[in-house]
4 protein chains.
Amino acid sequence: MMTNPNQKRIRDYGIMIGTLPTGPLNRISDVSGVKVGHVTLRQGSVQTGVTAILPHGGNCFKEKVAASSYVINGFGKTIGTIQIEELGTIETPILLTNTLSVGTVAEGLVNYMLQENEEIGLTTGTVNAVVAECNDGYLNDIRGLHVKKEHVREAITQAKAEFEEGAVGAGTGMSCFGLKGGIGSASRRVEHEDYMIGCLVLSNFGQKEDLLLAGQPIGQWILEEEEERGEQESDKGSIIIVLATDLPLSDRQLKRVAKRATVGLSRTGSYIGHGSGDIVIAFSTANKVPHSPSVAISQQSVFHDHYLDSVFRAAGEAVEESILNSMVTATTIIGRDGHQRKSLQEYLPTYVSKFRYSSLF
Amino acid sequence: MMTNPNQKRIRDYGIMIGTLPTGPLNRISDVSGVKVGHVTLRQGSVQTGVTAILPHGGNCFKEKVAASSYVINGFGKTIGTIQIEELGTIETPILLTNTLSVGTVAEGLVNYMLQENEEIGLTTGTVNAVVAECNDGYLNDIRGLHVKKEHVREAITQAKAEFEEGAVGAGTGMSCFGLKGGIGSASRRVEHEDYMIGCLVLSNFGQKEDLLLAGQPIGQWILEEEEERGEQESDKGSIIIVLATDLPLSDRQLKRVAKRATVGLSRTGSYIGHGSGDIVIAFSTANKVPHSPSVAISQQSVFHDHYLDSVFRAAGEAVEESILNSMVTATTIIGRDGHQRKSLQEYLPTYVSKFRYSSLF
Amino acid sequence: MMTNPNQKRIRDYGIMIGTLPTGPLNRISDVSGVKVGHVTLRQGSVQTGVTAILPHGGNCFKEKVAASSYVINGFGKTIGTIQIEELGTIETPILLTNTLSVGTVAEGLVNYMLQENEEIGLTTGTVNAVVAECNDGYLNDIRGLHVKKEHVREAITQAKAEFEEGAVGAGTGMSCFGLKGGIGSASRRVEHEDYMIGCLVLSNFGQKEDLLLAGQPIGQWILEEEEERGEQESDKGSIIIVLATDLPLSDRQLKRVAKRATVGLSRTGSYIGHGSGDIVIAFSTANKVPHSPSVAISQQSVFHDHYLDSVFRAAGEAVEESILNSMVTATTIIGRDGHQRKSLQEYLPTYVSKFRYSSLF
Amino acid sequence: MMTNPNQKRIRDYGIMIGTLPTGPLNRISDVSGVKVGHVTLRQGSVQTGVTAILPHGGNCFKEKVAASSYVINGFGKTIGTIQIEELGTIETPILLTNTLSVGTVAEGLVNYMLQENEEIGLTTGTVNAVVAECNDGYLNDIRGLHVKKEHVREAITQAKAEFEEGAVGAGTGMSCFGLKGGIGSASRRVEHEDYMIGCLVLSNFGQKEDLLLAGQPIGQWILEEEEERGEQESDKGSIIIVLATDLPLSDRQLKRVAKRATVGLSRTGSYIGHGSGDIVIAFSTANKVPHSPSVAISQQSVFHDHYLDSVFRAAGEAVEESILNSMVTATTIIGRDGHQRKSLQEYLPTYVSKFRYSSLF
């Protein structure tokens, strides 16, 4: 899997989300050390995969990152959040896959962690695997359980800063607003400081009629012009949202940031459907937490809550743009039983001209 | 305080939010039995008041309503939520006022409940007063503590279904997106059923530049055309959102509904600022919970989660429209130290013509 | 695995916990329909297994049970709780195993559910596997990952009402208060009603010095009489507590019951150590929730909170007795690297005579 | 109100709780800077009051303390916890009073804070009053609302390190296990470090039959010897537990400590009744949080979770001993309608000799 330099993203269509500047890659990997790797399984009715997000380049078990999670809507099967909430740390790469493969990927991640850390389960405790998921069953033969535990190591090994988006990795078979969804990313530079907020989403939610593009009801426009309006589908999807920062935020502050993901999600048109597993995981690379501390009390950088406003704004913007990037970079896919999800790419050029160019974009 | 038949609301400008039909009043009082009363204190630097929301026409202590609360952002001083969360019920009217008067209003509400219920504190337990607040200190001399406990009974007594919105009651001195905020309301009929979701907000949040009107960046437009751009203010505000329904929802389901308030809030332009106390209270009038049950086990109507999607959509739409109604019904106010908040009314006619009339409105 | 009629439990030593009457089996299976099955892997350094708890005799996916979970301390890897919290239901058997095998067991449970339900992932959504764990690494070669996904079906198939306790199933390699722990169970009849609270624990926590038996410091006594006092171990363990009832409790009420597990846990001597994953899952078999409802609104039995006191008392007592039963039924085990955990059986006869026989026992 | 040097506490009867050493005062004020003040209203049917806990000697609004709260059971009316949870800080003294006077005391506390801080509500935001309560209606004419807002300043002004316990301040009219309850305190030195955990409780819960004293069923003994056994009362009470430390704990860690209060509570015999408002507030004086920070990022001491075990043990022990101290220092009170609560003092000498003196005491 190589980064595709030809992937045109939402900004490349002249559509700007929010007002804050992006990082150099406009990806989660603008947070130094964060890398993303994919394994893509695409053949006929097999449309699925695995995506790994590495919080930093070192050993996450030995040097944990401060973290928090937030459940926007909990019709989902993400694992690992109980310990994240108790201890405020993540100690493995974050893995994404399809819903029914969470167990397999967890097993693969445990295997990987055991191999990398000989002391786990022997001279120290166990390890908390973090695996999140969406249901790609519309395009993918999800009952076939095509993801194997070996794919975990493969995804982790392939991780890099310049990763592909769209219908790749865990995003291969995902749907979003009745179109093709998948992996999307974006970043924002925090006002007045040289710090970064990065976001990666696995998008798989929404109904076509609800899609908003920078506030414009583009989903309605698409529906109006489709010759045959298909059966109305209910929103059974989900979204996984991973937020990263190099600001020295505490777990409590990271939860506050995570809650702002709802802002970006809402602005793309989601009403947060009943059947959706909308989960946010946020981490900071700033203050690593050692597995084996040498002293009980140490010194650490802390960020005063008073200055969080631009961080919150950055999170909302990055989530909104990540979702749009996940859609516009995803190609049209035909999968299981001939089910098809068209790419937003096929509609965007037509509608861009309909946009009113206001100060927002 | 009379209902002002001349209050022009956001729909009266031709701007439609969402797709679901409203109730007959397009107010929270479309949920049968819900009434709202105001006490407005407006004189010079005193710009504050009290608003009471009555869940039903009977005795709330003897017949409690199923309820839940949700904290969008907890920089706020709302009281009563601990017991709401534990027992899933509300047993008093819900009172709204300014931040520093919560104690006074709580005392007044306890007085009222003691007078109405001779057994409280004598032959039965105590009572859980529910009081929510926003900080009206920009327009109001909030340090003056002008709200008195007697205002509680007055607001409750004046409650009716056709209540005024805007700069009245607790909304008298509130600001929203750098303009005048206050009390706003709206309702939605749930798809395929004759049930109602009603909303009332006390709006007091946001920065002018962020205001969105049906997706359009009207806040940006206003800023561009103001001759002198004032100092940028941080978002120190708050919003209280009360949702009511006659659907037989459980406390867990009401919390799910309450969480969807963030959707409507986000679509008006909020990034959910650090300094904001954004609190949602949701209740259902369907299954009253008796204070003194005659039997341990009884029969009750329950709503299957499978059908919640249109309820969630209704909640998001009602919140968004309530916020806009709170702004457009509020008149321009000059208060403490000559501070002024202009009404959205003053801008709306100009900008309505700038709107792109898409299928959304 | 057969029920061992010779398993002597804590009451058989004349030690009574609490004041409420037990059910006929004094097990979780006194709640009608609940069954428990074990797969035990015991050979040399392999000391582990799988335990399955079936909420009822039918298809849990088609007829879900009302449920809630509560995290006493979250240094644990239990999966499935996000959806339990959102929807208030459990739709699979509850599986217990060792910490590093959660992924494998989740995969096995998904396999089992797919085989039993052809519509999952095809014409309906996915399924939420519930798997809880403790770390048996002291006695078991946990890095060896000896649990296989096939063990899930085997444990489910073997489930019955009269199940074995102690060093069996997931409890095979567990330690408790420096002695042997594992599976334990108890039940209580709720006052004045013919309803039942049942409990099953997987015990794996505590330090020897802290063990209390009906309030008596038996752990201290054991330490005093041991010739060589070993190195002080920190509390790295965990406990999984499953509570069942046939009372028509809502998810909110089940969470209230689940929180009372801490009472029973505390009375056995736990201080709820940092390294402990202490998780409670509570369910009610009374109001089944259909996967495919025929109507949105139906009638259901509800229990008024006013009558919960004896339910809470029953939960605390059942948890305390289950923990003691898990210890006293477990045999001495020598496992990995010659590590040994002695059975409480070896000490109890000596100390029973030291007890002061007060009105409590 | 003076400290009574003759107040005999539970240790003075030879009964030791736990194994950790106490601080020099064995009070919450062993945490340097913490002070406690009472206003006691005692005359006939008026048996109530106000207690103030000052987190440190300076201005709490300008220098906030890290804090968290935990709801053991939420049938209570404590205010201020929403903001504590969001921001992880407390910015006022913590006030305790009777349930129906929470509003009045909140008003008094706001008055006090406005007088001490001229900028509140004018050039800065508002203030989050923290007020907790129990229902003293059995002994006190709680409907009479005898607490006045002026009592808040009086209690704060009288605060000192060597404060009285028992039937004083907010504890004047409280009942515990069918005997007299009230204010109690204790402290523990954390192992291997010169840090302190202090506790203060306002006890008002439990039924006589359940009282445990260092594991012994003393409540049963008392019942057996009472000539006339009164009507069985249900547990309608509550307990407020305040924990303080000078360890540099984060809000997340303070919540973990707060949850351990349940251990101490359970060991005194509580089953955590339905009608109980059992609320814990924990704060650390180590890292003050400035109201007006000069920089966004600063350095701070942090404590690694790995070392928390002795802190947890200390919290459990201090809570258990505080509850016993609240009972044994409280004198017998006759209040409203001739209702009487006897002091544990009247029973203790008799039963101490019944105790089995094991290594625990």
# chains A, B, ... in the order shown; residues from 1 in each chain; ligands from 1
$ interface_residues --of "chain C" --to "chain D" --cutoff "9 Å" --atoms "only C-alpha atoms" --output "PyMOL selection string"
chain C and resi 72-73+212+214-217+220-221+234-235+256+259-260+262-267+269-275+305-310+312-313+316+355-356+358-360
$ select_by_dssp --residues "region 139-201 of chain B" --states "strand (DSSP E or B)" --output "MDAnalysis selection string"
chainID B and resid 160 166 175:176 179:180 183:189 196:201
$ atom_distance --atom1 "CA of Lys342 (chain A)" --atom2 "CA of Glu209 (chain A)"
14.5 Å
$ residues_around --residues "Ser185 (chain D)" --least-positions-apart "2" --cutoff "9 Å" --atoms "only C-alpha atoms" --output "compact mmCIF listing (two decimals) with N, CA, C and O atoms, in the first residue's frame"
# COMPACT_ATOMS: atom_id res chain seq x y z
N ASN D 26 -4.98 12.97 63.71
CA ASN D 26 -5.94 11.98 63.23
C ASN D 26 -7.22 12.66 62.74
O ASN D 26 -8.34 12.23 63.05
N ARG D 27 -7.01 13.72 61.99
CA ARG D 27 -8.13 14.49 61.44
C ARG D 27 -7.77 14.90 60.00
O ARG D 27 -6.61 14.87 59.60
N ILE D 28 -8.78 15.34 59.28
CA ILE D 28 -8.57 15.83 57.91
C ILE D 28 -7.56 16.97 57.90
O ILE D 28 -6.84 17.18 56.91
N SER D 29 -7.48 17.68 58.99
CA SER D 29 -6.57 18.83 59.06
C SER D 29 -5.11 18.41 59.22
O SER D 29 -4.23 19.27 59.26
N GLU D 165 -15.88 17.31 66.83
CA GLU D 165 -16.61 16.30 66.07
C GLU D 165 -17.93 15.96 66.76
O GLU D 165 -18.22 16.45 67.83
N ILE D 183 -20.51 14.71 62.59
CA ILE D 183 -19.20 14.99 62.01
C ILE D 183 -18.15 14.05 62.62
O ILE D 183 -18.06 13.92 63.84
N SER D 187 -7.30 10.40 59.84
CA SER D 187 -6.28 10.57 58.80
C SER D 187 -5.36 9.36 58.78
O SER D 187 -5.35 8.55 59.71
N GLY D 198 -6.53 12.68 54.57
CA GLY D 198 -7.43 13.02 55.64
C GLY D 198 -8.87 12.86 55.22
O GLY D 198 -9.18 12.98 54.02
N CYS D 199 -9.72 12.61 56.18
CA CYS D 199 -11.13 12.41 55.86
C CYS D 199 -12.02 13.12 56.87
O CYS D 199 -11.69 13.19 58.07
N LEU D 200 -13.10 13.68 56.38
CA LEU D 200 -14.17 14.18 57.25
C LEU D 200 -15.49 13.66 56.70
O LEU D 200 -15.72 13.72 55.49
N VAL D 201 -16.33 13.14 57.60
CA VAL D 201 -17.65 12.68 57.15
C VAL D 201 -18.75 13.43 57.88
O VAL D 201 -18.57 13.91 59.00
N ALA D 318 -9.41 5.54 56.59
CA ALA D 318 -9.77 6.85 57.15
C ALA D 318 -11.28 7.06 57.12
O ALA D 318 -11.85 7.65 58.05
N VAL D 319 -11.93 6.56 56.07
CA VAL D 319 -13.39 6.69 56.01
C VAL D 319 -14.05 5.85 57.11
O VAL D 319 -14.93 6.33 57.83
N GLU D 321 -12.84 4.84 59.96
CA GLU D 321 -12.60 5.41 61.29
C GLU D 321 -13.34 6.73 61.47
O GLU D 321 -13.84 7.02 62.57
N SER D 322 -13.45 7.52 60.42
CA SER D 322 -14.19 8.79 60.53
C SER D 322 -15.65 8.55 60.90
O SER D 322 -16.23 9.26 61.73
N ILE D 323 -16.25 7.53 60.29
CA ILE D 323 -17.65 7.24 60.59
C ILE D 323 -17.79 6.82 62.05
O ILE D 323 -18.68 7.31 62.78
N LEU D 324 -16.91 5.96 62.50
CA LEU D 324 -16.97 5.53 63.90
C LEU D 324 -16.72 6.72 64.83
O LEU D 324 -17.39 6.86 65.86
N ASN D 325 -15.79 7.59 64.46
CA ASN D 325 -15.54 8.79 65.28
C ASN D 325 -16.76 9.69 65.32
O ASN D 325 -17.07 10.30 66.35
N SER D 326 -17.46 9.80 64.20
CA SER D 326 -18.65 10.66 64.18
C SER D 326 -19.70 10.15 65.18
O SER D 326 -20.44 10.94 65.77
$ atom_distance --atom1 "CA of Gly44 (chain C)" --atom2 "CA of Arg336 (chain C)"
6.8 Å
$ select_by_dssp --residues "region 92-126 of chain B" --states "helix (DSSP H, G or I)" --output "list in words"
Thr99, Leu100, Ser101, Val102, Gly103, Thr104, Val105, Ala106, Glu107, Gly108, Leu109, Val110, Asn111, Tyr112, Met113, Leu114, Gln115 and Glu116 of chain B
$ atom_distance --atom1 "CA of His151 (chain D)" --atom2 "CA of Val289 (chain D)"
27.9 Å
$ closest_residue --among "C:Ser294, C:Asn140, C:Thr19, C:Thr92" --to "Asp337 (chain C)" --atoms "only C-alpha atoms"
C:Asn140
$ residues_around --residues "Gln7 (chain B)" --least-positions-apart "6" --cutoff "9 Å" --atoms "only C-alpha atoms" --output "MDAnalysis selection string"
chainID B and resid 164:166 328:330
$ residues_around --residues "Gly33 (chain D)" --least-positions-apart "6" --cutoff "12 Å" --atoms "only C-alpha atoms" --output "list in words"
Ile53, Leu54, Pro55, His56, Gly57, Gly58, Asn59, Cys60, Val65, Ala159, Lys160, Ala161, Glu162, Met196, Gly198, Ala244, Thr245, Asp246, Ser284, Thr285 and Ala286 of chain D
